[in-house]
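Printed here is coords-v1.csv (CSV, C-alpha atoms):
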```
chain,number,residue,atom,x,y,z
S,1,MET,CA,-24.6,-18.7,-15.7
S,2,VAL,CA,-21.6,-20.8,-15.1
S,3,PRO,CA,-21.9,-22.6,-11.7
S,4,PRO,CA,-19.5,-21.4,-9.1
S,5,VAL,CA,-16.3,-23.2,-8.8
S,6,ALA,CA,-15.5,-25.3,-5.7
S,7,VAL,CA,-12.2,-23.7,-4.6
S,8,SER,CA,-9.6,-26.1,-3.0
S,9,PRO,CA,-9.3,-25.6,0.8
S,10,LEU,CA,-5.6,-25.0,0.4
S,11,ILE,CA,-6.2,-22.0,-1.8
S,12,LYS,CA,-8.9,-20.7,0.5
S,13,THR,CA,-6.7,-20.9,3.7
S,14,ALA,CA,-3.8,-19.4,1.7
S,15,ARG,CA,-5.8,-16.4,0.6
S,16,TRP,CA,-7.3,-15.6,3.9
S,17,SER,CA,-4.2,-16.2,5.9
S,18,ALA,CA,-2.3,-14.0,3.4
S,19,LEU,CA,-5.0,-11.3,4.0
S,20,PHE,CA,-4.6,-11.4,7.8
S,21,LEU,CA,-0.8,-11.6,7.6
S,22,GLY,CA,-0.8,-8.6,5.3
S,23,MET,CA,-3.0,-6.6,7.7
S,24,PHE,CA,-0.7,-7.5,10.6
S,25,TYR,CA,2.4,-6.6,8.6
S,26,GLY,CA,1.0,-3.3,7.4
S,27,LYS,CA,0.1,-2.3,10.9
S,28,GLN,CA,3.5,-3.3,12.3
S,29,ARG,CA,5.4,-1.4,9.6
S,30,PHE,CA,3.2,1.6,10.0
S,31,GLU,CA,3.9,1.7,13.7
S,32,TYR,CA,7.6,1.3,13.0
S,33,LEU,CA,7.7,4.1,10.5
S,34,LYS,CA,5.5,6.6,12.5
S,35,PRO,CA,8.2,7.8,15.0
S,36,ILE,CA,10.8,8.0,12.2
S,37,GLY,CA,8.4,10.2,10.2
S,38,ALA,CA,7.7,12.4,13.2
S,39,GLU,CA,11.4,12.8,13.8
S,40,GLU,CA,12.1,13.7,10.2
S,41,ARG,CA,9.3,16.3,10.2
S,42,ARG,CA,10.7,17.8,13.4
S,43,ILE,CA,14.2,18.1,11.9
S,44,GLU,CA,12.7,19.6,8.7
S,45,GLU,CA,10.9,22.2,10.8
S,46,ALA,CA,14.1,23.1,12.7
S,47,GLU,CA,16.1,23.4,9.6
S,48,LYS,CA,13.4,25.5,7.9
S,49,LYS,CA,13.4,27.9,10.8
S,50,ALA,CA,17.2,28.2,10.7
S,51,ARG,CA,17.1,28.8,6.9
S,52,GLU,CA,14.4,31.4,7.2
S,53,GLU,CA,16.4,33.1,10.0
S,54,GLN,CA,19.5,33.2,7.8
S,55,GLU,CA,17.5,34.5,4.9
S,56,ARG,CA,16.1,37.3,7.1
S,57,ILE,CA,19.6,38.2,8.2
S,58,ASP,CA,20.9,38.2,4.6
S,59,LYS,CA,18.0,40.3,3.5
S,60,GLN,CA,18.7,42.9,6.2
S,61,LEU,CA,22.3,43.0,5.3
S,62,ALA,CA,21.5,43.4,1.6
S,63,GLU,CA,19.1,46.3,2.4
S,64,GLY,CA,21.7,47.8,4.7
S,65,ASN,CA,24.3,47.7,1.9
S,66,GLN,CA,22.2,49.4,-0.7
S,67,ASP,CA,22.7,52.9,0.5
S,68,THR,CA,26.3,52.7,1.3
S,69,GLN,CA,29.2,52.3,-1.1
S,70,ILE,CA,32.0,50.0,-0.4
S,71,LEU,CA,35.1,52.2,-0.2
S,72,THR,CA,38.1,51.0,-2.3
S,73,PRO,CA,41.2,53.1,-2.9
S,74,SER,CA,40.1,53.8,-6.5
S,75,SER,CA,36.6,54.8,-5.6
S,76,ILE,CA,37.6,57.6,-3.2
S,77,GLY,CA,36.6,60.9,-4.8
S,78,ASP,CA,33.9,59.3,-7.0
S,79,GLU,CA,30.4,60.8,-7.0
S,80,PRO,CA,27.9,58.8,-5.0
S,81,GLY,CA,26.4,56.2,-7.2
S,82,ALA,CA,29.2,56.2,-9.7
T,1,MET,CA,-33.8,16.0,-6.4
T,2,ALA,CA,-31.4,15.0,-9.2
T,3,SER,CA,-29.1,13.3,-6.7
T,4,VAL,CA,-32.0,11.2,-5.4
T,5,SER,CA,-32.9,10.0,-8.9
T,6,SER,CA,-29.3,9.2,-9.7
T,7,LEU,CA,-29.0,7.3,-6.5
T,8,VAL,CA,-32.1,5.3,-7.4
T,9,ALA,CA,-30.6,4.7,-10.8
T,10,ALA,CA,-27.4,3.5,-9.3
T,11,VAL,CA,-29.2,1.1,-7.0
T,12,THR,CA,-31.2,-0.4,-9.8
T,13,TYR,CA,-28.1,-0.8,-11.9
T,14,SER,CA,-26.0,-2.4,-9.2
T,15,LYS,CA,-28.6,-4.7,-7.7
T,16,PRO,CA,-28.5,-7.5,-10.2
T,17,ARG,CA,-24.7,-7.2,-10.5
T,18,LEU,CA,-24.4,-7.4,-6.8
T,19,ALA,CA,-26.6,-10.4,-6.9
T,20,THR,CA,-24.4,-12.3,-9.3
T,21,PHE,CA,-21.3,-11.2,-7.4
T,22,TRP,CA,-22.8,-12.6,-4.2
T,23,HIS,CA,-23.9,-15.8,-6.0
T,24,TYR,CA,-20.3,-16.5,-6.9
T,25,ALA,CA,-18.6,-15.0,-3.8
T,26,ARG,CA,-20.7,-17.0,-1.4
T,27,VAL,CA,-19.1,-20.2,-2.7
T,28,GLU,CA,-15.7,-19.1,-4.0
T,29,LEU,CA,-14.5,-16.3,-1.7
T,30,VAL,CA,-15.6,-17.5,1.7
T,31,PRO,CA,-13.0,-18.2,4.4
T,32,PRO,CA,-12.3,-21.9,5.0
T,33,SER,CA,-14.5,-23.6,7.5
T,34,PRO,CA,-12.7,-25.2,10.4
T,35,ALA,CA,-13.3,-28.6,8.8
T,36,GLU,CA,-11.4,-27.6,5.7
T,37,ILE,CA,-8.2,-26.5,7.4
T,38,PRO,CA,-6.8,-30.1,7.9
T,39,LYS,CA,-7.4,-30.7,4.2
T,40,ALA,CA,-5.5,-27.5,3.4
T,41,ILE,CA,-2.6,-28.7,5.6
T,42,GLU,CA,-2.8,-32.0,3.7
T,43,GLY,CA,-2.6,-30.3,0.4
T,44,ALA,CA,0.4,-28.3,1.5
T,45,THR,CA,2.2,-31.5,2.6
T,46,ASN,CA,1.3,-33.1,-0.7
T,47,ILE,CA,3.0,-30.2,-2.5
T,48,MET,CA,6.1,-30.5,-0.3
T,49,LYS,CA,6.3,-34.3,-1.0
T,50,ALA,CA,5.9,-33.7,-4.7
T,51,PHE,CA,8.6,-31.2,-4.6
T,52,GLN,CA,10.9,-33.6,-2.7
T,53,SER,CA,10.2,-36.5,-5.0
T,54,GLY,CA,10.9,-34.5,-8.1
T,55,ARG,CA,7.4,-34.9,-9.4
T,56,LEU,CA,7.0,-31.2,-9.7
T,57,GLY,CA,9.4,-31.2,-12.6
T,58,GLN,CA,6.8,-33.0,-14.6
T,59,THR,CA,4.1,-30.4,-14.5
T,60,THR,CA,3.0,-29.2,-17.9
T,61,VAL,CA,3.6,-25.5,-18.8
T,62,LYS,CA,-0.1,-25.0,-18.8
T,63,ASP,CA,-0.4,-26.3,-15.3
T,64,ALA,CA,2.6,-24.3,-14.1
T,65,PHE,CA,1.2,-21.1,-15.7
T,66,ARG,CA,-2.2,-21.7,-13.9
T,67,ASN,CA,-0.5,-22.3,-10.6
T,68,GLY,CA,1.6,-19.2,-11.1
T,69,LEU,CA,-1.6,-17.2,-11.6
T,70,VAL,CA,-3.2,-18.6,-8.5
T,71,ALA,CA,0.0,-17.9,-6.5
T,72,THR,CA,-0.1,-14.3,-7.8
T,73,GLU,CA,-3.6,-13.9,-6.7
T,74,VAL,CA,-2.8,-15.1,-3.2
T,75,MET,CA,0.0,-12.6,-3.1
T,76,MET,CA,-2.4,-9.8,-4.1
T,77,TRP,CA,-4.5,-10.7,-1.1
T,78,PHE,CA,-1.4,-10.1,1.1
T,79,TYR,CA,-1.0,-6.6,-0.5
T,80,ILE,CA,-4.6,-5.8,0.0
T,81,GLY,CA,-4.2,-6.8,3.7
T,82,GLU,CA,-1.2,-4.6,3.9
T,83,CYS,CA,-3.2,-1.6,2.5
T,84,ILE,CA,-5.9,-2.3,5.2
T,85,GLY,CA,-3.3,-2.5,7.9
T,86,LYS,CA,-1.5,0.7,7.1
T,87,GLY,CA,-4.6,2.7,6.5
T,88,GLY,CA,-4.1,3.9,3.0
T,89,ILE,CA,-3.7,2.7,-0.6
T,90,VAL,CA,-0.5,4.4,-1.7
T,91,GLY,CA,2.3,4.7,0.9
T,92,TYR,CA,2.4,5.0,4.6
T,93,ASP,CA,0.9,8.1,6.0
T,94,VAL,CA,3.5,9.1,8.6
```

Kindly return the structure encoded in the file as structure tokens.
Amino acid sequence: MVPPVAVSPLIKTARWSALFLGMFYGKQRFEYLKPIGAEERRIEEAEKKAREEQERIDKQLAEGNQDTQILTPSSIGDEPGA
Amino acid sequence: MASVSSLVAAVTYSKPRLATFWHYARVELVPPSPAEIPKAIEGATNIMKAFQSGRLGQTTVKDAFRNGLVATEVMMWFYIGECIGKGGIVGYDV
């Protein structure tokens, strides 16, 4: 087996300080992004509710319209469903 | 019972490989001891001086390529640290 290489101290300090800096940076960025994510989810929830409400209303209107016929001057006197 | 025997097989497979990994990692991957940190600072100032005196322009392509690979590896340690800090591998779990 090849004997292990003696790594220069500069590279060793650079590696491990990069590791700790990365952990610190990741944690800070996560904490910064967390409230933004929560806010976006809240907005998405509210919009989804409003959309579903609107869809419900539209569906009811569409069901209500199925039985009736919209009266126009040319349709007076037509058979129902004509 | 099959899971026990596969576990035993996995252990017997990985033991010598872990031994070789540990044999190299114990020397190459350890953090710097407190005595080595002044040498690291000295190395960094050497690089700064070489940059200022223009000696860096005389590095061979082979050396420059090797240094580039080392620098890339150091950067990868930063990204691994970021993955540890944010608690996930891909993306932030907000």

**Message:** I'd like the neighbourhood of Ser33 (chain T) as an MDAnalysis selection string, where a residue qualifies if any of its atoms comes within 12 Å (using all atoms listed in the file), though same-chain residues fewer than 5 positions away should be ignored.
**Reply:** (chainID S and resid 8:10 12:13 16) or (chainID T and resid 27 38:40)

- Given a cut-off of 6 Å, which residues of chain S touch chain T, counting all atoms listed in the file, written out as a ChimeraX atom specification? /S:4,7,9-10,12-13,15,18-19,22-23,26-27,30,34,37

In Å and to one decimal, CA of Asn67 (chain T) is distant from CA of Val5 (chain S) by 15.9 Å

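As for CA of Glu53 (chain S) and CA of Pro35 (chain S), they are spaced 27.1 Å apart.
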
Check: Which distance in Å separates CA of Ala14 (chain S) and CA of Gln58 (chain T), to one decimal?
Finding: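 Between CA of Ala14 (chain S) and CA of Gln58 (chain T) the gap is 23.7 Å.
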